[in-house]
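protein_28.tsv follows; it contains TSV, C-alpha atoms.
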```tsv
chain	number	residue	atom	x	y	z
V	1	MET	CA	0.00	0.00	0.00
V	2	ASP	CA	1.42	3.37	-1.02
V	3	GLY	CA	0.99	6.64	0.84
V	4	THR	CA	1.70	8.10	4.23
V	5	MET	CA	0.33	7.66	7.74
V	6	LYS	CA	0.35	9.34	11.13
V	7	ALA	CA	2.78	7.83	13.61
V	8	ILE	CA	4.36	8.61	16.97
V	9	VAL	CA	8.09	8.76	16.33
V	10	LYS	CA	10.86	8.57	18.89
V	11	HIS	CA	12.66	11.30	17.03
V	12	HIS	CA	15.87	11.87	18.99
V	13	ARG	CA	18.08	10.58	21.78
V	14	GLY	CA	16.32	12.50	24.53
V	15	LYS	CA	13.00	12.86	26.30
V	16	GLY	CA	9.77	13.00	24.33
V	17	ALA	CA	8.38	11.94	20.96
V	18	GLU	CA	6.71	13.58	17.96
V	19	LEU	CA	3.63	12.93	15.85
V	20	ARG	CA	4.85	12.76	12.26
V	21	GLU	CA	3.65	11.84	8.79
V	22	VAL	CA	5.71	8.85	7.64
V	23	SER	CA	5.52	6.31	4.83
V	24	ILE	CA	3.13	3.39	5.22
V	25	PRO	CA	5.41	0.35	5.66
V	26	SER	CA	5.82	-2.08	2.79
V	27	ILE	CA	5.58	-5.80	3.51
V	28	GLN	CA	7.77	-8.80	2.76
V	29	ALA	CA	6.40	-12.08	1.38
V	30	ASP	CA	5.94	-13.55	4.88
V	31	GLU	CA	4.36	-10.41	6.37
V	32	VAL	CA	0.99	-8.68	6.56
V	33	LEU	CA	0.01	-5.04	6.80
V	34	ILE	CA	-2.39	-4.22	9.62
V	35	ARG	CA	-4.59	-1.16	10.09
V	36	VAL	CA	-4.25	-0.37	13.80
V	37	LYS	CA	-7.58	0.08	15.60
V	38	ALA	CA	-6.22	0.48	19.14
V	39	THR	CA	-2.75	0.60	20.65
V	40	SER	CA	-1.93	0.80	24.35
V	41	ILE	CA	0.97	2.42	26.17
V	42	CYS	CA	3.32	0.05	28.00
V	43	GLY	CA	5.84	0.76	30.75
V	44	THR	CA	8.55	-0.01	28.19
V	45	ASP	CA	7.19	2.78	26.00
V	46	VAL	CA	7.40	5.14	28.97
V	47	HIS	CA	11.07	4.19	29.43
V	48	ILE	CA	11.66	5.04	25.77
V	49	TYR	CA	9.65	8.27	25.94
V	50	ASN	CA	11.50	9.41	29.08
V	51	TRP	CA	14.87	8.27	27.66
V	52	ASP	CA	16.36	6.51	30.70
V	53	GLU	CA	19.63	4.58	30.81
V	54	TRP	CA	18.04	1.37	29.55
V	55	SER	CA	16.46	2.97	26.49
V	56	ALA	CA	19.60	4.96	25.74
V	57	SER	CA	21.55	1.69	25.59
V	58	ARG	CA	18.94	-0.21	23.54
V	59	VAL	CA	16.92	1.80	21.01
V	60	GLN	CA	18.06	3.66	17.93
V	61	PRO	CA	15.98	6.75	17.02
V	62	PRO	CA	14.38	7.89	14.83
V	63	TYR	CA	11.75	5.19	14.57
V	64	VAL	CA	8.09	4.41	15.33
V	65	PHE	CA	7.72	2.81	18.75
V	66	GLY	CA	4.85	1.00	20.51
V	67	HIS	CA	4.13	-2.74	20.58
V	68	GLU	CA	0.64	-3.44	22.00
V	69	PHE	CA	-2.25	-3.27	19.54
V	70	ALA	CA	-5.30	-4.71	17.84
V	71	GLY	CA	-6.18	-4.20	14.21
V	72	GLU	CA	-7.41	-5.48	10.87
V	73	ILE	CA	-5.27	-7.02	8.12
V	74	VAL	CA	-5.43	-4.96	4.93
V	75	GLU	CA	-2.66	-6.56	2.86
V	76	VAL	CA	-1.15	-10.06	2.83
V	77	GLY	CA	2.28	-11.15	1.59
V	78	ASP	CA	2.59	-13.72	-1.18
V	79	ALA	CA	3.92	-16.44	1.15
V	80	VAL	CA	1.16	-16.04	3.77
V	81	ASP	CA	-1.58	-18.64	3.52
V	82	ASN	CA	-3.07	-18.76	7.02
V	83	PHE	CA	-4.33	-15.16	7.28
V	84	SER	CA	-6.50	-13.05	4.97
V	85	THR	CA	-7.47	-9.43	4.54
V	86	GLY	CA	-10.16	-8.51	7.02
V	87	ASP	CA	-8.84	-10.78	9.80
V	88	TYR	CA	-8.93	-9.19	13.26
V	89	VAL	CA	-5.55	-9.69	14.97
V	90	SER	CA	-3.12	-8.78	17.71
V	91	ALA	CA	0.52	-9.90	17.85
V	92	GLU	CA	3.16	-11.58	19.95
V	93	THR	CA	5.83	-8.90	20.16
V	94	HIS	CA	8.93	-11.07	20.44
V	95	LEU	CA	10.55	-11.77	17.09
V	96	VAL	CA	12.52	-15.00	17.58
V	97	CYS	CA	15.22	-16.64	15.49
V	98	GLY	CA	13.93	-20.23	15.44
V	99	HIS	CA	17.41	-21.81	15.48
V	100	CYS	CA	19.06	-21.07	18.85
V	101	PRO	CA	19.12	-23.85	21.52
V	102	GLN	CA	16.11	-22.30	23.26
V	103	CYS	CA	13.98	-22.11	20.11
V	104	LEU	CA	14.96	-25.64	19.07
V	105	THR	CA	13.64	-26.96	22.40
V	106	GLY	CA	10.38	-25.01	22.26
V	107	LYS	CA	11.41	-22.20	24.63
V	108	TYR	CA	10.77	-19.44	22.11
V	109	HIS	CA	9.99	-16.88	24.82
V	110	ILE	CA	13.64	-16.93	25.92
V	111	CYS	CA	15.21	-17.00	22.45
V	112	GLU	CA	18.76	-15.71	22.80
V	113	ASN	CA	18.36	-13.60	19.65
V	114	THR	CA	15.01	-12.01	20.51
V	115	GLN	CA	14.07	-8.68	18.99
V	116	ILE	CA	11.04	-6.76	20.24
V	117	ILE	CA	8.54	-4.97	18.02
V	118	GLY	CA	8.63	-1.23	18.72
V	119	VAL	CA	11.92	-1.53	20.60
V	120	ASP	CA	14.32	-3.07	18.09
V	121	THR	CA	12.04	-2.69	15.04
V	122	GLN	CA	9.34	-0.35	13.76
V	123	GLY	CA	6.32	-0.37	16.08
V	124	CYS	CA	2.57	0.14	16.15
V	125	PHE	CA	2.01	3.69	17.47
V	126	ALA	CA	0.73	4.40	13.98
V	127	GLU	CA	-2.15	3.94	11.58
V	128	TYR	CA	-0.49	0.85	10.07
V	129	VAL	CA	2.09	-1.73	11.12
V	130	ALA	CA	3.81	-4.49	9.13
V	131	LEU	CA	4.53	-7.79	10.92
V	132	PRO	CA	5.46	-11.40	10.17
V	133	ALA	CA	2.36	-13.57	9.91
V	134	SER	CA	4.03	-16.04	12.31
V	135	ASN	CA	3.65	-13.50	15.13
V	136	LEU	CA	-0.07	-12.89	14.72
V	137	TRP	CA	-2.85	-13.92	17.08
V	138	ARG	CA	-6.36	-14.12	15.63
V	139	ASN	CA	-8.89	-12.32	17.86
V	140	PRO	CA	-12.53	-13.35	18.26
V	141	ASP	CA	-14.86	-10.98	16.42
V	142	GLY	CA	-16.67	-9.79	19.54
V	143	LEU	CA	-13.58	-8.77	21.51
V	144	PRO	CA	-13.49	-4.95	21.88
V	145	ASN	CA	-10.48	-3.25	20.29
V	146	ASP	CA	-9.22	-1.75	23.54
V	147	ILE	CA	-9.29	-5.08	25.39
V	148	ALA	CA	-7.70	-6.88	22.44
V	149	SER	CA	-4.86	-4.34	22.48
V	150	ILE	CA	-3.83	-5.24	26.05
V	151	GLN	CA	-3.61	-9.02	25.61
V	152	GLU	CA	0.16	-8.83	25.20
V	153	PRO	CA	0.81	-7.22	28.62
V	154	MET	CA	-1.88	-9.42	30.17
V	155	GLY	CA	0.24	-12.31	28.91
V	156	ASN	CA	3.08	-11.00	31.09
V	157	ALA	CA	0.77	-11.11	34.11
V	158	VAL	CA	-0.52	-14.59	33.29
V	159	HIS	CA	3.00	-15.94	32.72
V	160	THR	CA	4.21	-14.45	36.01
V	161	VAL	CA	1.32	-15.67	38.17
V	162	LEU	CA	0.78	-19.07	36.57
V	163	ASN	CA	4.42	-20.11	36.30
V	164	GLY	CA	3.66	-22.24	39.36
V	165	ASP	CA	0.66	-23.34	41.38
V	166	VAL	CA	-1.38	-20.61	43.11
V	167	ALA	CA	-4.63	-22.43	43.91
V	168	GLY	CA	-5.36	-22.14	47.61
V	169	LYS	CA	-2.18	-20.13	48.21
V	170	SER	CA	-1.48	-16.61	49.42
V	171	VAL	CA	-0.13	-14.38	46.66
V	172	ALA	CA	1.52	-10.97	47.01
V	173	ILE	CA	1.51	-8.64	44.01
V	174	ILE	CA	4.18	-5.99	44.59
V	175	GLY	CA	3.64	-3.03	42.26
V	176	CYS	CA	0.16	-2.19	40.97
V	177	GLY	CA	0.97	-0.77	37.58
V	178	PRO	CA	-1.25	-2.09	34.77
V	179	ILE	CA	0.45	-5.51	34.62
V	180	GLY	CA	0.40	-5.82	38.40
V	181	LEU	CA	-3.33	-5.02	38.35
V	182	MET	CA	-3.88	-7.72	35.74
V	183	ALA	CA	-1.88	-10.12	37.92
V	184	VAL	CA	-4.29	-9.45	40.78
V	185	GLY	CA	-7.21	-10.55	38.61
V	186	VAL	CA	-5.34	-13.59	37.29
V	187	ALA	CA	-4.33	-14.76	40.78
V	188	LYS	CA	-7.91	-14.40	41.98
V	189	ALA	CA	-9.24	-16.32	38.97
V	190	ALA	CA	-6.67	-19.07	39.53
V	191	GLY	CA	-7.98	-19.73	43.03
V	192	ALA	CA	-5.54	-17.91	45.29
V	193	SER	CA	-6.81	-17.90	48.88
V	194	GLN	CA	-5.48	-14.39	49.45
V	195	VAL	CA	-4.26	-11.74	47.04
V	196	LEU	CA	-2.25	-9.01	48.76
V	197	ALA	CA	-1.63	-5.93	46.59
V	198	PHE	CA	1.20	-3.55	47.53
V	199	ASP	CA	1.92	-0.10	46.12
V	200	LEU	CA	2.55	3.52	47.14
V	201	ASN	CA	-0.12	4.86	44.78
V	202	SER	CA	-3.58	5.15	46.34
V	203	TYR	CA	-5.28	5.48	42.93
V	204	ARG	CA	-3.88	2.18	41.74
V	205	LEU	CA	-4.55	0.46	45.06
V	206	GLU	CA	-8.23	1.27	44.56
V	207	LEU	CA	-8.03	-0.33	41.11
V	208	ALA	CA	-6.41	-3.38	42.74
V	209	LYS	CA	-9.49	-3.75	44.93
V	210	GLU	CA	-11.69	-3.58	41.84
V	211	MET	CA	-9.59	-6.36	40.31
V	212	GLY	CA	-10.22	-8.61	43.31
V	213	ALA	CA	-7.41	-7.97	45.78
V	214	THR	CA	-8.24	-9.36	49.22
V	215	VAL	CA	-6.41	-6.42	50.73
V	216	ALA	CA	-4.63	-3.40	49.19
V	217	ILE	CA	-1.72	-2.12	51.25
V	218	ASN	CA	0.04	1.22	50.96
V	219	SER	CA	3.69	0.37	51.54
V	220	GLY	CA	4.43	3.95	52.53
V	221	GLU	CA	1.94	3.87	55.37
V	222	THR	CA	2.27	0.29	56.62
V	223	ASP	CA	5.32	-1.96	56.84
V	224	PRO	CA	4.57	-4.44	54.04
V	225	VAL	CA	6.59	-7.27	55.57
V	226	VAL	CA	4.92	-6.93	58.96
V	227	GLU	CA	1.49	-6.77	57.32
V	228	ALA	CA	2.14	-9.76	55.06
V	229	LYS	CA	3.28	-11.82	58.03
V	230	ARG	CA	0.24	-10.71	60.08
V	231	LEU	CA	-2.13	-11.77	57.32
V	232	THR	CA	-0.50	-15.21	56.99
V	233	ASP	CA	-0.27	-16.20	60.68
V	234	GLN	CA	3.38	-15.08	60.67
V	235	HIS	CA	4.35	-17.73	58.07
V	236	GLY	CA	4.77	-15.39	55.11
V	237	VAL	CA	3.14	-15.50	51.68
V	238	ASP	CA	3.40	-18.52	49.40
V	239	VAL	CA	3.98	-16.62	46.16
V	240	VAL	CA	5.45	-13.18	45.47
V	241	CYS	CA	5.03	-11.57	42.04
V	242	GLU	CA	7.47	-8.67	41.85
V	243	MET	CA	6.20	-5.99	39.47
V	244	SER	CA	7.64	-2.79	40.93
V	245	GLY	CA	11.34	-2.90	40.06
V	246	HIS	CA	12.13	-0.89	43.18
V	247	PRO	CA	15.12	-2.23	45.14
V	248	VAL	CA	13.46	-1.69	48.53
V	249	ALA	CA	10.22	-3.34	47.43
V	250	MET	CA	12.09	-6.28	45.95
V	251	ASP	CA	13.99	-6.82	49.21
V	252	GLN	CA	10.68	-6.68	51.08
V	253	GLY	CA	9.29	-9.34	48.77
V	254	PHE	CA	12.06	-11.74	49.70
V	255	LYS	CA	11.55	-10.99	53.38
V	256	MET	CA	7.79	-11.69	53.26
V	257	ILE	CA	8.06	-14.97	51.31
V	258	THR	CA	7.49	-18.17	53.28
V	259	ASN	CA	10.02	-20.99	53.46
V	260	GLY	CA	9.84	-22.95	50.20
V	261	GLY	CA	7.85	-20.19	48.51
V	262	ARG	CA	8.14	-18.84	44.96
V	263	VAL	CA	9.31	-15.38	43.91
V	264	SER	CA	8.59	-14.56	40.26
V	265	ILE	CA	10.24	-11.35	39.05
V	266	LEU	CA	8.85	-9.56	35.99
V	267	SER	CA	10.07	-6.07	36.89
V	268	LEU	CA	13.21	-4.49	35.47
V	269	PRO	CA	15.19	-2.68	38.19
V	270	THR	CA	17.27	0.12	36.70
V	271	THR	CA	19.82	0.01	39.54
V	272	PRO	CA	21.51	-2.90	41.36
V	273	VAL	CA	19.41	-4.61	44.04
V	274	THR	CA	20.83	-5.68	47.41
V	275	LEU	CA	19.35	-8.88	48.84
V	276	ASP	CA	20.16	-11.05	51.85
V	277	ILE	CA	20.73	-14.16	49.76
V	278	THR	CA	21.80	-16.28	52.74
V	279	ASN	CA	18.78	-15.72	54.96
V	280	ASP	CA	16.05	-14.76	52.49
V	281	VAL	CA	16.80	-17.19	49.66
V	282	VAL	CA	19.12	-20.06	50.57
V	283	PHE	CA	18.02	-20.84	54.13
V	284	LYS	CA	14.38	-20.41	53.10
V	285	GLY	CA	14.72	-22.75	50.11
V	286	VAL	CA	13.03	-20.17	47.91
V	287	GLN	CA	12.39	-20.72	44.20
V	288	VAL	CA	13.33	-17.57	42.24
V	289	GLN	CA	12.13	-17.11	38.67
V	290	GLY	CA	12.99	-14.46	36.12
V	291	ILE	CA	9.97	-13.87	33.88
V	292	THR	CA	10.30	-12.49	30.38
V	293	GLY	CA	7.54	-12.11	27.82
V	294	ARG	CA	4.98	-14.84	27.37
V	295	LYS	CA	5.18	-18.50	26.43
V	296	MET	CA	4.60	-18.72	22.69
V	297	TYR	CA	1.74	-19.44	22.32
V	298	GLU	CA	0.57	-21.25	25.43
V	299	THR	CA	0.18	-18.00	27.37
V	300	TRP	CA	-1.84	-16.39	24.56
V	301	GLN	CA	-4.30	-19.31	24.78
V	302	GLN	CA	-4.59	-18.81	28.55
V	303	VAL	CA	-5.18	-15.07	28.13
V	304	SER	CA	-7.83	-15.60	25.46
V	305	ARG	CA	-9.69	-18.16	27.57
V	306	LEU	CA	-9.57	-16.07	30.75
V	307	LEU	CA	-11.03	-13.11	28.86
V	308	HIS	CA	-13.61	-15.12	26.92
V	309	SER	CA	-14.83	-16.93	30.05
V	310	GLY	CA	-15.16	-13.68	31.97
V	311	GLN	CA	-12.98	-15.05	34.78
V	312	VAL	CA	-10.79	-11.97	34.43
V	313	ASP	CA	-12.48	-8.65	33.63
V	314	VAL	CA	-9.88	-6.09	32.56
V	315	LYS	CA	-12.33	-3.25	31.91
V	316	PRO	CA	-11.56	-1.50	35.24
V	317	ILE	CA	-7.90	-1.31	34.24
V	318	ILE	CA	-8.54	0.59	30.99
V	319	THR	CA	-9.01	4.05	32.46
V	320	HIS	CA	-8.20	6.42	29.58
V	321	HIS	CA	-8.73	6.64	25.82
V	322	PHE	CA	-7.05	9.22	23.56
V	323	ASP	CA	-6.70	9.92	19.88
V	324	LEU	CA	-3.22	9.23	18.55
V	325	GLU	CA	-2.62	12.99	18.33
V	326	GLU	CA	-3.20	13.27	22.10
V	327	PHE	CA	-0.45	10.80	23.00
V	328	GLU	CA	1.42	13.26	25.23
V	329	GLN	CA	-1.54	13.34	27.64
V	330	GLY	CA	-1.31	9.57	27.91
V	331	PHE	CA	2.40	9.60	28.67
V	332	GLN	CA	1.90	12.34	31.25
V	333	LEU	CA	-0.71	10.26	33.07
V	334	MET	CA	1.57	7.22	32.97
V	335	ASN	CA	4.45	9.22	34.43
V	336	GLU	CA	2.20	10.61	37.17
V	337	GLY	CA	0.68	7.22	37.98
V	338	LYS	CA	-2.82	8.64	37.63
V	339	CYS	CA	-4.12	5.95	35.30
V	340	GLY	CA	-4.48	2.27	34.71
V	341	LYS	CA	-4.03	1.33	31.07
V	342	VAL	CA	-4.02	4.12	28.47
V	343	VAL	CA	-5.30	3.23	24.99
V	344	LEU	CA	-4.60	5.31	21.88
V	345	HIS	CA	-6.85	5.24	18.82
V	346	PRO	CA	-5.29	6.11	15.42
```

Since I need it in another form, could you write the structure as structure tokens?
Amino acid sequence: MDGTMKAIVKHHRGKGAELREVSIPSIQADEVLIRVKATSICGTDVHIYNWDEWSASRVQPPYVFGHEFAGEIVEVGDAVDNFSTGDYVSAETHLVCGHCPQCLTGKYHICENTQIIGVDTQGCFAEYVALPASNLWRNPDGLPNDIASIQEPMGNAVHTVLNGDVAGKSVAIIGCGPIGLMAVGVAKAAGASQVLAFDLNSYRLELAKEMGATVAINSGETDPVVEAKRLTDQHGVDVVCEMSGHPVAMDQGFKMITNGGRVSILSLPTTPVTLDITNDVVFKGVQVQGITGRKMYETWQQVSRLLHSGQVDVKPIITHHFDLEEFEQGFQLMNEGKCGKVVLHP
């Protein structure tokens, strides 16, 4: 398809982004072109927008960023035979090599050569995006565009919570950003006996309650370790899902975990974290998991079923909608923590 489109461009190596008119991407034989109906802002996008140390070391402006979306296929490459124009899709955002030891053993989500859409390649904060057909996920017709656009980050929450048994167990969600809020709903749906939500942001703690948290605890007003122990008869919680990335909060997570418990870490601390490995990991016999992305495509199936069944309702999390041209308002809300999930509409 020829012509130009509106897109949010990370235009320089510094804070901010610009709305620009750029060329509609052309597609390769194994790709499709998708008209974007909704695209949501991720914490990774905020890192790129703010231009922190991580983004400065990873991304190469100028380029279109963004990686969470839902849309309609408008053009299909010659080698694509399993998708057609008009199909309603979202996409797995990890582009994997298919030939490293991890890929060859089915662990595509930890491919050693992973590239991420909108981080290492052109993204979806635009009217159109071109992607390999192998990365597409076909959405059911009745799924609203805004909900379909947040399946990718919900996959992070599902992968973090369900990477071990949670039924009948106490689960602490540390950090109630959008993915943490989704994790609250997933843990509740999976049968956790208690879901303890921790954050410093009162707005997001209220959202955590809406998502099913048994108790929402402001870590700036109450000692989270003392409270977690009190709520578990002094034994500590069975599962900790670390979503905050804050060194103090991460240390608290390891102090509140019970002996033999599981700590699953999705967050990306930007500074080194000090932990008491001897007393809080080794002597406790704790299982520690690093979580990246989603299992391809097992997690996508879990997300789709949780949404379709109604066991997890993500509508309370989607708090703001903006036109693509209003993207700066969305990033401001994300930086201020005065939102759940922000969805942009090209």

- Nearest residue to Glu72 (chain V) from the set V:Thr278, V:Asn113, V:Ser267, V:Asn145 (distances using all atoms listed in the file):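 Ranking V:Thr278, V:Asn113, V:Ser267, V:Asn145 by distance to Glu72 (chain V), first place goes to V:Asn145.
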
- Any idea what's packed within 9 Å of region 206-223 of chain V, counting all atoms listed in the file, ignoring anything in its chain fewer than 5 positions away? Could you give it as an MDAnalysis selection string? chainID V and resid 176 180:189 193:201 228 249 312:314 316:317 340

- Query: Which is closer to Glu21 (chain V) than all the others in V:Asp45, V:Val237, V:Tyr128, V:Cys111, using only C-alpha atoms?
  - Reply: V:Tyr128

- Item | Residue nearest Ala56 (chain V) among V:Pro272, V:Pro153, V:Gly14, V:Gly71 (counting all atoms listed in the file) |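 Once distances to Ala56 (chain V) are computed over all atoms listed in the file, the minimum belongs to V:Gly14.
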
- Message: as a PyMOL selection string, please: the residues near Ile257 (chain V) (cut-off 12 Å, all atoms listed in the file, same-chain neighbours under 5 positions excluded).
- Response: chain V and resi 169-174+224-226+228-229+232+234-242+250-252+262-264+279-281+283-288

- Smallest atom-to-atom distance to Leu131 (chain V): which of V:Ala79, V:Val32, V:Ile179, V:Ile48, using only C-alpha atoms? V:Val32
